[in-house]
Structure formats: structure tokens, C-alpha cells
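Student: One structure, pasted below without further comment.
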Amino acid sequence: ATKLELTNVGKVFQTRTGSVEALRNIYLSVESGEFLAVVGPSGCGKSTIMRIIAGLDRPTSGHVLLNEKPLGKIAEGAAVVFQKDVLLAWRSIIDNVLFPLELKGITWFDRPSKQTNRAKALELLESVGLKGFEDKYPHELSGGMRQRVSICRALIQDPKLLLMDEPFGALDALTREQMMYDLLKLSDKYGFTTVFITHSIEEAVFLSDKVVVMSGRPGTILKEIPIELHRP
Ligand code: ADP
Ligand code: ADP
């Protein structure tokens, strides 16, 4: 389980024409297993916060603590899902799901764990309604289905911290609704800590335990709203 804490985080980007202050005075605290949604208009710094939490970018001031310890280069135990799926076109669906494990060198030459991993990938695909699609290729699936594969690919790493940046932003309303139910189910089942970035208040309220509302620029936190009675 993973607790996340941002203290007085600020971010200034240096650009050719000067500097852009993207974040100022960001305080965030996400308890272990909690689902936090971050909402706000385009350009208020949501993606920057997520990249900082993932360890993909550094704050220019303040700090990020993961389980009370300073964040390493890449956040240990974190998995990220972006708005646009980044599936590998030449790999089947199940091989896409298994890819992060291969990167970590877990499956190479290791038959027993290969079997277990395969079973787990199939189970995840089934839990998002993609049973029977494991041997297809990304171009054979719709946008919503590909995004579900991206979520499976994140979850197969057993993340302690799931970071999602507008994961449903490119989907139609019906698919999005289905995905929200799928995500709630998975979140209840696996209990990971989640930071979910969206500009949809509806998604935020439906999914999260706590909503942080941001405004820009520079991006600051306007309000923090606890959500009760959020689980159907
Ligand atoms: P959001 O995700 O809320 O749309 P972003 O975090 O993408 O906002 O961007 C916040 C601000 O920081 C914007 O003004 C954006 O132009 C700026 N910004 C983001 N990344 C960079 C960068 N690499 N270089 C310069 N400015 C950036
Ligand atoms: P969207 O196209 O909006 O992303 P979904 O991913 O929800 O929609 O797809 C809706 C349904 O249509 C799926 O659950 C699936 O049953 C069917 N479908 C879409 N594309 C395909 C495909 N290439 N092969 C088989 N079934 C498909």
C-alpha cells in the first residue's frame, strides 16, 4: 500500500522565450488505497503534477514523498495510463499486456512464471470484457477496447500507485460510462492508490474518494472536496 504526499510543490519550465510557471504551492495527500481525482481546465498543470508524481519530471520546489520517503527517479511501484493508448502494433493483445513484465525481465527463460503471468493477463482481460480478444492485434480493436488493454497492461505490474491522465478523454459517452464501472470494480478488487486526472467533474465525483479542483495559471489548488457515498 502506498501513501503519497506533495508538499509545497512548484514547477517552472524554462523555455526559449522565457519561463512558464506551471504549478505553485501544491499540497496533496493521498492515503493508501485512496482514489484521488484532480480536475481543472486545460493548462492548469494537471499533467505536470502527474508527471512529477510518476517521477518523469522534477518539481522546481517542494517535495514529493512516497510512503514518507523522497521519490526516486521513477516512482517505485507506479503504473501510468495516458489518454492515448500506446499499444505496440506488431504485438498481439496479450503480448501487449505482458510487455511491462518482459521489460523487467521476469518472463524470459522462466516457464512457470510465464504460465502464471499469462493466466493473470487473461484474467485481467476478461475482467474488462475482452475475453477472446487476446490473440487479436491493436488495429482490430476499437478505441475503447484498446484503452482497456492499456489499463490491463498497467495492472499486470501490480502497481501500488495507479496514475491516470485523462484515460477516458478520447472515448464516446457510452464507452466512458462502461469504463468507469470497470475501473471502480478493479480499484475495489486490487486496492491500489489512484491519482486520476480529468476535466470531467462527472468522472471525478463518480470514481473518487476525494476531488482536488485546480485553476491556472500558475496552477494552484482551489478546493479539496471529500466525496461520500460514492460507491454504487
Ligand atoms: P493540463 O494537464 O492541466 O492541461 P499541463 O500540465 O499540461 O496542464 O500544462 C501546464 C502549463 O505548463 C501550461 O501552461 C503548459 O503550456 C506548460 N507546460 C507544460 N509542459 C511544458 C514544457 N515541457 N515546457 C514548457 N511549458 C510547459
Ligand atoms: P468505441 O468504439 O466507442 O471505443 P467500445 O470499445 O465500447 O466502443 O466498443 C463497443 C463494442 O463494439 C465492444 O464491446 C465490442 O463488442 C464491439 N466491437 C468494437 N470494435 C470491435 C472489433 N474490432 N471487433 C469486435 N468487436 C468490436
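How things are named: the first chain in the C-alpha cells is A, the next is B, and so on; residues count from 1 in each chain; ligands count from 1 in the order shown.
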As a PyMOL selection string, which residues of segment 113-205 of chain A does DSSP assign to alpha helix (DSSP H)?

Tutor: chain A and resi 113-127+143-155+173-190+201-205

Student: Around ligand 2, which protein and nucleic acid residues have at least one atom no more than 12 Å from it, if we count only C-alpha atoms and all ligand atoms? List them as a PyMOL selection string.

Tutor: chain A and resi 84-85+126+128-149+168-180+182

Student: Segment 81-184 of chain A: which residues are strand (DSSP E or B) by DSSP, as a count of residues only?

Tutor: 6

Student: Within 6 Å of ligand 1, counting only C-alpha atoms and all ligand atoms: which residues, as a PyMOL selection string?

Tutor: chain A and resi 13+15+20+22+42-48

Student: How about saving the chosen residues, all heavy atoms kept, as a CSV table (one decimal), in the first residue's frame?

Tutor:
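Result saved to out-v7.csv:
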```
chain,number,residue,atom,x,y,z
A,13,PHE,N,8.9,25.9,-15.9
A,13,PHE,CA,9.5,25.4,-17.1
A,13,PHE,C,10.3,26.5,-17.7
A,13,PHE,O,9.8,27.6,-17.9
A,13,PHE,CB,8.5,24.9,-18.2
A,13,PHE,CG,7.8,23.6,-17.8
A,13,PHE,CD1,6.5,23.6,-17.3
A,13,PHE,CD2,8.5,22.4,-17.9
A,13,PHE,CE1,5.8,22.5,-17.0
A,13,PHE,CE2,7.8,21.2,-17.6
A,13,PHE,CZ,6.5,21.3,-17.1
A,15,THR,N,11.8,28.0,-21.0
A,15,THR,CA,11.6,27.8,-22.5
A,15,THR,C,12.5,28.8,-23.2
A,15,THR,O,13.1,29.7,-22.6
A,15,THR,CB,10.1,28.1,-22.9
A,15,THR,OG1,9.8,29.5,-22.6
A,15,THR,CG2,9.1,27.3,-22.1
A,20,VAL,N,7.8,29.5,-17.8
A,20,VAL,CA,6.4,29.3,-17.6
A,20,VAL,C,6.2,28.7,-16.2
A,20,VAL,O,6.8,27.7,-15.9
A,20,VAL,CB,5.8,28.3,-18.6
A,20,VAL,CG1,4.3,28.1,-18.4
A,20,VAL,CG2,6.1,28.8,-20.0
A,22,ALA,N,4.2,26.7,-14.1
A,22,ALA,CA,3.1,25.8,-14.3
A,22,ALA,C,2.4,25.4,-13.0
A,22,ALA,O,1.1,25.2,-13.0
A,22,ALA,CB,3.6,24.5,-15.0
A,42,SER,N,-8.1,23.0,-19.0
A,42,SER,CA,-6.9,22.7,-19.7
A,42,SER,C,-5.8,23.8,-19.4
A,42,SER,O,-6.0,25.0,-19.3
A,42,SER,CB,-7.3,22.8,-21.2
A,42,SER,OG,-6.2,22.4,-22.0
A,43,GLY,N,-4.5,23.3,-19.2
A,43,GLY,CA,-3.4,24.2,-19.0
A,43,GLY,C,-3.2,24.5,-17.5
A,43,GLY,O,-2.3,25.3,-17.2
A,44,CYS,N,-4.0,24.0,-16.6
A,44,CYS,CA,-3.8,24.4,-15.2
A,44,CYS,C,-2.7,23.5,-14.5
A,44,CYS,O,-2.4,23.7,-13.3
A,44,CYS,CB,-5.1,24.3,-14.4
A,44,CYS,SG,-5.6,22.6,-14.1
A,45,GLY,N,-2.1,22.6,-15.2
A,45,GLY,CA,-1.0,21.9,-14.7
A,45,GLY,C,-1.2,20.5,-14.2
A,45,GLY,O,-0.4,19.9,-13.5
A,46,LYS,N,-2.4,19.9,-14.6
A,46,LYS,CA,-2.7,18.5,-14.1
A,46,LYS,C,-1.7,17.5,-14.6
A,46,LYS,O,-1.2,16.7,-13.8
A,46,LYS,CB,-4.1,18.2,-14.7
A,46,LYS,CG,-5.2,19.1,-14.2
A,46,LYS,CD,-6.6,18.6,-14.7
A,46,LYS,CE,-6.8,18.6,-16.2
A,46,LYS,NZ,-6.7,19.9,-16.9
A,47,SER,N,-1.4,17.6,-15.9
A,47,SER,CA,-0.4,16.6,-16.4
A,47,SER,C,1.0,16.8,-15.8
A,47,SER,O,1.7,15.8,-15.6
A,47,SER,CB,-0.3,16.7,-17.9
A,47,SER,OG,-1.5,16.5,-18.5
A,48,THR,N,1.3,18.0,-15.5
A,48,THR,CA,2.6,18.3,-14.9
A,48,THR,C,2.7,17.6,-13.5
A,48,THR,O,3.6,17.0,-13.1
A,48,THR,CB,2.9,19.8,-14.8
A,48,THR,OG1,2.8,20.3,-16.1
A,48,THR,CG2,4.2,20.1,-14.2
```

Student: Report the distance between atom CA of Lys69 of chain A and atom CA of Pro100 of chain A in Å, rounded to one decimal place.

Tutor: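 Distance between the two atoms: 24.8 Å.
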
Student: Would you kindly return, as a PyMOL selection string, each protein, DNA or RNA residue with an atom no farther than 8 Å from any atom of Thr7 of chain A, considering only C-alpha atoms and excluding same-chain residues fewer than 4 positions away?

Tutor: chain A and resi 25-28+62-64

Student: Find, counting only C-alpha atoms, the residue in A:Phe35, A:Phe206, A:Trp90, A:Phe82 that gets nearest to Ile151 of chain A.

Tutor: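 Nearest to Ile151 of chain A: A:Phe82.
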
Student: Counting only C-alpha atoms, what are the residues of segment 29-131 of chain A within 8 Å of segment 160-165 of chain A, and for each of them which pair of atoms is the nearest and at what distance in Å, to one decimal? Sort the table by chain and rising number, as CSV.

Tutor:
```
residue,atom,partner,partner_atom,distance
A:Ser47,CA,A:Asp165,CA,6.6
A:Met50,CA,A:Leu163,CA,6.9
A:Ala54,CA,A:Leu163,CA,7.4
A:Gly77,CA,A:Lys160,CA,5.3
A:Ala78,CA,A:Leu161,CA,4.6
A:Ala79,CA,A:Leu162,CA,5.1
A:Val80,CA,A:Leu163,CA,4.7
A:Val81,CA,A:Met164,CA,4.7
A:Phe82,CA,A:Asp165,CA,4.9
A:Gln83,CA,A:Asp165,CA,5.9
```

Student: For the residues selected in the previous step, produce a file with N, CA, C and O atoms as a short mmCIF file (atom, residue, chain, number, x, y, z; two decimals), in the first residue's frame.

Tutor:
```cif
data_model
loop_
_atom_site.label_atom_id
_atom_site.label_comp_id
_atom_site.auth_asym_id
_atom_site.auth_seq_id
_atom_site.Cartn_x
_atom_site.Cartn_y
_atom_site.Cartn_z
N SER A 47 -1.35 17.56 -15.90
CA SER A 47 -0.40 16.58 -16.42
C SER A 47 0.97 16.76 -15.80
O SER A 47 1.70 15.78 -15.57
N MET A 50 1.01 15.01 -12.59
CA MET A 50 1.09 13.57 -12.76
C MET A 50 2.49 13.13 -13.15
O MET A 50 2.99 12.14 -12.64
N ALA A 54 4.86 10.61 -11.10
CA ALA A 54 5.40 9.40 -11.74
C ALA A 54 6.92 9.39 -11.74
O ALA A 54 7.53 8.38 -12.08
N GLY A 77 6.84 1.11 -8.08
CA GLY A 77 5.51 0.53 -7.95
C GLY A 77 4.40 1.34 -8.58
O GLY A 77 3.23 1.09 -8.33
N ALA A 78 4.76 2.32 -9.43
CA ALA A 78 3.72 3.12 -10.08
C ALA A 78 3.51 2.65 -11.52
O ALA A 78 4.45 2.22 -12.18
N ALA A 79 2.27 2.71 -11.98
CA ALA A 79 1.99 2.43 -13.38
C ALA A 79 1.16 3.60 -13.91
O ALA A 79 0.36 4.19 -13.18
N VAL A 80 1.37 3.93 -15.16
CA VAL A 80 0.75 5.11 -15.73
C VAL A 80 -0.13 4.75 -16.94
O VAL A 80 0.25 3.91 -17.76
N VAL A 81 -1.32 5.36 -17.01
CA VAL A 81 -2.18 5.21 -18.19
C VAL A 81 -2.45 6.60 -18.76
O VAL A 81 -2.89 7.49 -18.02
N PHE A 82 -2.16 6.78 -20.04
CA PHE A 82 -2.36 8.08 -20.66
C PHE A 82 -3.65 8.12 -21.48
O PHE A 82 -4.30 7.10 -21.68
N GLN A 83 -3.99 9.31 -21.95
CA GLN A 83 -5.23 9.47 -22.72
C GLN A 83 -5.20 8.63 -24.00
O GLN A 83 -6.17 7.99 -24.36
#
```

Student: Do a neighbour search on Tyr190 of chain A at 9 Å with only C-alpha atoms, toss out local chain neighbours closer than 3 positions, and write the hits as an NGL selection string.

Tutor: :A and (33 or 155 or 158 or 185-187)

Student: Env of Ala204 of chain A: 12 Å cut, atoms = only C-alpha atoms, seq-sep filter 5 positions within chain, self excluded. Answer as a tab-separated table (two decimals) with C-alpha atoms, in the first residue's frame.

Tutor:
```tsv
chain	number	residue	atom	x	y	z
A	35	PHE	CA	-8.79	7.32	-5.12
A	36	LEU	CA	-7.96	10.95	-5.78
A	37	ALA	CA	-9.31	12.84	-8.77
A	38	VAL	CA	-7.73	16.07	-9.99
A	39	VAL	CA	-9.98	18.30	-12.07
A	40	GLY	CA	-9.41	21.66	-13.68
A	164	MET	CA	-4.16	8.01	-14.99
A	166	GLU	CA	-7.45	11.64	-18.91
A	168	PHE	CA	-11.25	8.18	-20.97
A	180	MET	CA	-15.90	3.99	-15.17
A	184	LEU	CA	-14.34	1.06	-9.88
A	194	THR	CA	-5.05	6.11	-7.59
A	195	VAL	CA	-4.45	9.59	-8.92
A	196	PHE	CA	-6.90	10.22	-11.74
A	197	ILE	CA	-6.66	13.32	-13.87
A	198	THR	CA	-9.71	14.51	-15.75
A	199	HIS	CA	-11.59	17.60	-16.80
A	209	ASP	CA	-12.89	9.48	-2.60
A	210	LYS	CA	-11.58	13.00	-2.88
A	211	VAL	CA	-11.60	15.64	-5.62
A	212	VAL	CA	-8.98	18.34	-5.91
A	213	VAL	CA	-10.09	21.29	-8.03
A	225	ILE	CA	-13.69	18.11	-1.72
A	226	PRO	CA	-14.22	14.81	0.07
A	227	ILE	CA	-16.76	12.61	-1.71
A	230	HIS	CA	-19.57	7.47	-3.99
```
